[in-house]
Amino acid sequence: MAQALIDLLKSQFPTAVLETHSQHGDETVVLDVRQWKAVAEFLYSSPKAAMNMLTDLTVVDYPDREPRFEVVAHLLSLSLGHRLRIKARVGDEAGEGANIDTLTEIWASANWAEREAFDMFGVNFVGHPDLRRILMYPEFQGHALRKDYPADKIQPLVPYREIPGIEKVAPFGRDEGMSFGRQTHSRWADDSEDSQAN
Amino acid sequence: MEPIDIELDEAELELPEEPMLLNVGPSHPAMHGTVRCVMELSGELIHQVDVQVGYLHRGFEKMCERGTWAQVFPYVDRCNYVSPMLNNVGFALACEKMLGIEVPERCQWYRMALGELARLSDHLTCDGAMAMELGAFTPFLWMIKGREMVWDIMEEETGARLTHSFGRVGGMAAPPTKNFKQQSLAVVEHILGIVSEVEKLLYGNRIFLDRLEDVGIVSAADAISLGWTGPCLRASGVAYDVRKASPYLKYDEVEFDVPVGEKGDCLDRFIIRLEEMKQSARIIRQAIARMADSGPINVVDPRIILPPKDEVYNTIEGTIQHFKIIMEGLKIPAGEVYSYTEAGNGELGFYLVSDGSGTPYRVRIRPPCYYITGGLERVITGQMMADVVPCFGSLNMIGGECDR
């Protein structure tokens, strides 16, 4: 059934379909990245495809290839019961210039999926309404699932975040809560210095 | 004695006009799992909300790329810690799809029975916790007692209560124990009793119903667009169940129904889970009736399955075979596959890429929770602050699976 879908795509977008295969029964289409969104829109709206659910969107990193990243999306049609995997290849060897159109306007599930792909691989989804890191914190350096990110890399400590409009108060006073032996100043002898500091 | 606020002129009171920012989580009694919601409140209404996940991110997908295929099992266990068996089976099926093998019939029935028991424990946890958060503590205790019984079976079968790592590519770690059938049937009977008691206790409870009815409504179109699957999607009225739509194992040979909700509110999601437990019980009974008492549990393929221990210790062939599978890992031919099963929360997908070596090139786990939690923002925007608790509870977010 999905083979007919591939033929339909080929006739509709002759320049967009670069490769196809059906390994293990999963119909796959590799698309030209410039027509990524147009094809997705067609798959969503065409009654013959009716792909109303984006089940998953992820990225695979092939550091030796020249578009380096493969953006992989799995589509499902609940009404017709068929599935399709679409792919597009982006990014140069250094991982720069990995730009691809967002699918958030078509499927709401693309929102978080693309945020994760951005977080983990550094693929930029053009037009995404809220492209922030999602699993990692904002100060995280690098992209963890890239093949050239060492699994045992240690991240630097995160300093206090500067948030405008919020006056930061240090959570504790000097030496507060420390045992007496660890206090750097004497509570009784050097009171004058302490009061100046406060 | 005069009241002290006798001088208070209410017309002169200045009420705050700006919306209030409220931070719930990441560690909050109402947020089971670690998730943080930054809400903008106006009075008690939620104007805007930013749901932040990732507090439980442990980098499983990265770690999977360092070991062998068999070493992925402990990670998928720890993804969903209320129904790990379903994840085990899901990953084993994905690998088997790539290898093009099918496990013996006895193993398929065994996997189904264990998987549905795990689904029982998942739904018991979710519905029990949901009731508890709304103040109904008794059903929680009953349901957790039922879950304990399921875990006792799991312990008997696998040796571990929670993180079994029991699945294997090409079979299971061990055949069913002697008492498995009898014990499972008894436990299923008991759990059905718990379910009907919970129904009697809660379906007539005005407070409980008022807190859930017409709260957190998600339309079918929204749920589909958000990528929801499983009980949450079915509560919105879409009868999509992977077990029916594309049957795996022996699900096409058993009889069961797919319960579907009407409105897609929190009550529907609660009821769907209770109904699904009854269906799971039906499946368990059929699976147990049809599972043979003896026969092979693993495929016969020396490249995939470890040889029996006496062969390993006594023959050179067995030693070499064991060594190769342990040190190099079983080889999966190069290629890619997307395999999907119905886990406790919906479609659990594994997108595997192999380069032909013994180490996975990429293991992408498609967690049902991640997409469901992605819809939390849409569910609670415009709701009252107090409704966050039942809404969040009914989605059954599992932190380990969502953040991996």
# chains A, B, ... in the order shown; residues from 1 in each chain; ligands from 1
>>> interface_residues(of="chain B", to="chain A", cutoff="8 Å", atoms="only C-alpha atoms", output="list of chain:residue names")
B:Gln52, B:Val53, B:Gly54, B:Tyr55, B:His57, B:Glu61, B:Lys62, B:Met63, B:Lys97, B:Met98, B:Ile224, B:Ser225, B:Leu226, B:Gly227, B:Tyr240, B:Ala245, B:Gly335, B:Glu336, B:Val337, B:Tyr338, B:Arg362, B:Arg364, B:Arg366, B:Tyr371, B:Gly374, B:Asp403
>>> write_last_selection(atoms="N, CA and C atoms", output="CSV table (one decimal), in the first residue's frame")
chain,number,residue,atom,x,y,z
B,52,GLN,N,8.7,22.3,31.3
B,52,GLN,CA,10.1,22.1,31.1
B,52,GLN,C,10.4,20.6,31.6
B,53,VAL,N,10.9,19.8,30.7
B,53,VAL,CA,11.3,18.5,31.1
B,53,VAL,C,12.8,18.4,31.0
B,54,GLY,N,13.3,17.2,31.2
B,54,GLY,CA,14.7,17.0,31.0
B,54,GLY,C,15.5,16.8,32.3
B,55,TYR,N,14.8,16.9,33.5
B,55,TYR,CA,15.5,16.7,34.7
B,55,TYR,C,15.9,15.3,35.0
B,57,HIS,N,17.1,13.4,32.5
B,57,HIS,CA,17.9,12.9,31.3
B,57,HIS,C,19.2,12.3,31.7
B,61,GLU,N,20.4,7.2,25.0
B,61,GLU,CA,20.6,7.0,23.6
B,61,GLU,C,22.1,7.1,23.3
B,62,LYS,N,22.8,7.9,24.0
B,62,LYS,CA,24.2,8.0,23.8
B,62,LYS,C,24.9,6.7,24.4
B,63,MET,N,24.5,6.3,25.5
B,63,MET,CA,25.1,5.1,26.2
B,63,MET,C,24.9,3.9,25.4
B,97,LYS,N,13.1,-8.0,14.3
B,97,LYS,CA,12.6,-7.5,13.0
B,97,LYS,C,13.8,-7.3,12.0
B,98,MET,N,14.9,-6.7,12.6
B,98,MET,CA,16.1,-6.5,11.7
B,98,MET,C,16.8,-7.8,11.4
B,224,ILE,N,-4.4,13.9,17.9
B,224,ILE,CA,-3.6,13.3,16.8
B,224,ILE,C,-2.5,14.2,16.4
B,225,SER,N,-2.8,15.5,16.4
B,225,SER,CA,-1.8,16.4,15.9
B,225,SER,C,-0.6,16.4,16.9
B,226,LEU,N,-0.9,16.3,18.2
B,226,LEU,CA,0.1,16.3,19.2
B,226,LEU,C,0.9,15.0,19.3
B,227,GLY,N,0.5,14.0,18.5
B,227,GLY,CA,1.2,12.7,18.5
B,227,GLY,C,0.9,11.9,19.6
B,240,TYR,N,-7.3,3.8,18.2
B,240,TYR,CA,-6.1,3.4,17.6
B,240,TYR,C,-5.3,2.6,18.7
B,245,ALA,N,-4.2,-2.4,15.3
B,245,ALA,CA,-3.9,-1.8,14.0
B,245,ALA,C,-2.8,-2.6,13.2
B,335,GLY,N,21.5,-1.6,8.3
B,335,GLY,CA,20.2,-1.2,7.9
B,335,GLY,C,19.5,-0.4,9.0
B,336,GLU,N,18.2,-0.1,8.7
B,336,GLU,CA,17.5,0.7,9.7
B,336,GLU,C,16.1,0.1,9.8
B,337,VAL,N,15.5,0.2,11.0
B,337,VAL,CA,14.1,-0.3,11.2
B,337,VAL,C,13.4,0.6,12.1
B,338,TYR,N,12.1,0.7,11.9
B,338,TYR,CA,11.3,1.3,13.0
B,338,TYR,C,10.2,0.3,13.4
B,362,ARG,N,22.7,3.7,16.1
B,362,ARG,CA,21.8,4.7,16.7
B,362,ARG,C,20.6,4.0,17.2
B,364,ARG,N,17.1,5.0,18.7
B,364,ARG,CA,16.2,6.1,19.0
B,364,ARG,C,15.0,5.5,19.6
B,366,ARG,N,11.3,6.0,20.8
B,366,ARG,CA,10.2,7.0,20.6
B,366,ARG,C,9.3,6.8,21.8
B,371,TYR,N,5.7,12.8,23.9
B,371,TYR,CA,4.7,13.6,23.1
B,371,TYR,C,3.5,13.9,23.9
B,374,GLY,N,4.3,16.8,25.9
B,374,GLY,CA,4.4,17.9,25.0
B,374,GLY,C,3.0,18.6,24.9
B,403,ASP,N,12.3,11.7,29.5
B,403,ASP,CA,13.6,12.3,29.4
B,403,ASP,C,14.7,11.4,29.0
>>> select_by_dssp(residues="region 214-266 of chain B", states="helix (DSSP H, G or I)", output="list in words")
Ala220, Ala221, Asp222, Ala223, Ile224, Ser225, Gly230, Pro231, Cys232, Leu233, Arg234, Ala235, Val242, Arg243, Lys244, Ala245, Tyr251, Asp252, Glu253 and Cys266 of chain B
>>> residues_around(residues="region 32-43 of chain A", least_positions_apart="5", cutoff="6 Å", atoms="only C-alpha atoms", output="MDAnalysis selection string")
chainID A and resid 16 49 51 88
>>> atom_distance(atom1="CA of Ile284 (chain B)", atom2="CA of Ser121 (chain B)")
13.1 Å
>>> residues_around(residues="region 136-147 of chain B", least_positions_apart="3", cutoff="12 Å", atoms="only C-alpha atoms", output="MDAnalysis selection string")
chainID B and resid 82:83 117:133 150:154 161:162 184 186:203 205:209 211 274 277
>>> closest_residue(among="A:Val29, A:Gly122, A:Glu114, A:Asp130", to="Gly97 (chain A)", atoms="only C-alpha atoms")
A:Gly122
>>> select_by_dssp(residues="region 57-233 of chain B", states="strand (DSSP E or B)", output="list in words")
Gly167, Arg168, Gly171 and Met172 of chain B
>>> atom_distance(atom1="CA of Cys266 (chain B)", atom2="CA of Gly216 (chain B)")
5.9 Å
>>> atom_distance(atom1="CA of Leu93 (chain B)", atom2="CA of Arg89 (chain A)")
28.1 Å
>>> residues_around(residues="Lys244 (chain B)", least_positions_apart="6", cutoff="10 Å", atoms="only C-alpha atoms", output="number ranges by chain")
B: 251-252, 256-258, 342
>>> decode(residues="region 61-80 of chain B", atoms="N, CA and C atoms", output="PDB file, in the first residue's frame")
ATOM      1  N   GLU B  61      20.362   7.224  25.024  1.00  0.00           N
ATOM      2  CA  GLU B  61      20.595   6.976  23.602  1.00  0.00           C
ATOM      3  C   GLU B  61      22.079   7.051  23.291  1.00  0.00           C
ATOM      4  N   LYS B  62      22.788   7.921  24.019  1.00  0.00           N
ATOM      5  CA  LYS B  62      24.241   8.006  23.824  1.00  0.00           C
ATOM      6  C   LYS B  62      24.914   6.748  24.365  1.00  0.00           C
ATOM      7  N   MET B  63      24.451   6.291  25.525  1.00  0.00           N
ATOM      8  CA  MET B  63      25.099   5.136  26.150  1.00  0.00           C
ATOM      9  C   MET B  63      24.853   3.868  25.350  1.00  0.00           C
ATOM     10  N   CYS B  64      23.681   3.800  24.679  1.00  0.00           N
ATOM     11  CA  CYS B  64      23.397   2.622  23.867  1.00  0.00           C
ATOM     12  C   CYS B  64      24.417   2.461  22.750  1.00  0.00           C
ATOM     13  N   GLU B  65      25.013   3.574  22.308  1.00  0.00           N
ATOM     14  CA  GLU B  65      25.952   3.505  21.193  1.00  0.00           C
ATOM     15  C   GLU B  65      27.324   3.019  21.635  1.00  0.00           C
ATOM     16  N   ARG B  66      27.478   2.663  22.896  1.00  0.00           N
ATOM     17  CA  ARG B  66      28.790   2.259  23.389  1.00  0.00           C
ATOM     18  C   ARG B  66      28.880   0.772  23.673  1.00  0.00           C
ATOM     19  N   GLY B  67      27.754   0.106  23.834  1.00  0.00           N
ATOM     20  CA  GLY B  67      27.819  -1.305  24.200  1.00  0.00           C
ATOM     21  C   GLY B  67      27.354  -2.198  23.068  1.00  0.00           C
ATOM     22  N   THR B  68      26.985  -3.399  23.402  1.00  0.00           N
ATOM     23  CA  THR B  68      26.449  -4.308  22.394  1.00  0.00           C
ATOM     24  C   THR B  68      24.934  -4.150  22.345  1.00  0.00           C
ATOM     25  N   TRP B  69      24.315  -4.857  21.393  1.00  0.00           N
ATOM     26  CA  TRP B  69      22.857  -4.762  21.273  1.00  0.00           C
ATOM     27  C   TRP B  69      22.193  -5.300  22.537  1.00  0.00           C
ATOM     28  N   ALA B  70      22.747  -6.381  23.080  1.00  0.00           N
ATOM     29  CA  ALA B  70      22.115  -6.973  24.255  1.00  0.00           C
ATOM     30  C   ALA B  70      22.228  -6.054  25.460  1.00  0.00           C
ATOM     31  N   GLN B  71      23.241  -5.185  25.468  1.00  0.00           N
ATOM     32  CA  GLN B  71      23.422  -4.299  26.614  1.00  0.00           C
ATOM     33  C   GLN B  71      22.464  -3.112  26.602  1.00  0.00           C
ATOM     34  N   VAL B  72      21.612  -3.051  25.599  1.00  0.00           N
ATOM     35  CA  VAL B  72      20.608  -1.985  25.579  1.00  0.00           C
ATOM     36  C   VAL B  72      19.462  -2.321  26.536  1.00  0.00           C
ATOM     37  N   PHE B  73      19.253  -3.606  26.788  1.00  0.00           N
ATOM     38  CA  PHE B  73      18.092  -4.012  27.595  1.00  0.00           C
ATOM     39  C   PHE B  73      18.001  -3.313  28.953  1.00  0.00           C
ATOM     40  N   PRO B  74      19.096  -3.238  29.717  1.00  0.00           N
ATOM     41  CA  PRO B  74      18.971  -2.530  31.003  1.00  0.00           C
ATOM     42  C   PRO B  74      18.547  -1.073  30.846  1.00  0.00           C
ATOM     43  N   TYR B  75      18.941  -0.450  29.746  1.00  0.00           N
ATOM     44  CA  TYR B  75      18.550   0.955  29.559  1.00  0.00           C
ATOM     45  C   TYR B  75      17.060   1.072  29.278  1.00  0.00           C
ATOM     46  N   VAL B  76      16.538   0.206  28.418  1.00  0.00           N
ATOM     47  CA  VAL B  76      15.107   0.322  28.119  1.00  0.00           C
ATOM     48  C   VAL B  76      14.272  -0.032  29.345  1.00  0.00           C
ATOM     49  N   ASP B  77      14.805  -0.912  30.191  1.00  0.00           N
ATOM     50  CA  ASP B  77      14.155  -1.179  31.481  1.00  0.00           C
ATOM     51  C   ASP B  77      13.934   0.085  32.257  1.00  0.00           C
ATOM     52  N   ARG B  78      14.988   0.872  32.316  1.00  0.00           N
ATOM     53  CA  ARG B  78      14.974   2.056  33.178  1.00  0.00           C
ATOM     54  C   ARG B  78      14.268   3.232  32.524  1.00  0.00           C
ATOM     55  N   CYS B  79      13.816   3.042  31.294  1.00  0.00           N
ATOM     56  CA  CYS B  79      13.020   4.096  30.679  1.00  0.00           C
ATOM     57  C   CYS B  79      11.660   4.172  31.342  1.00  0.00           C
ATOM     58  N   ASN B  80      10.949   3.065  31.302  1.00  0.00           N
ATOM     59  CA  ASN B  80       9.632   3.072  31.923  1.00  0.00           C
ATOM     60  C   ASN B  80       9.690   2.140  33.107  1.00  0.00           C
TER      61      ASN B  80
END
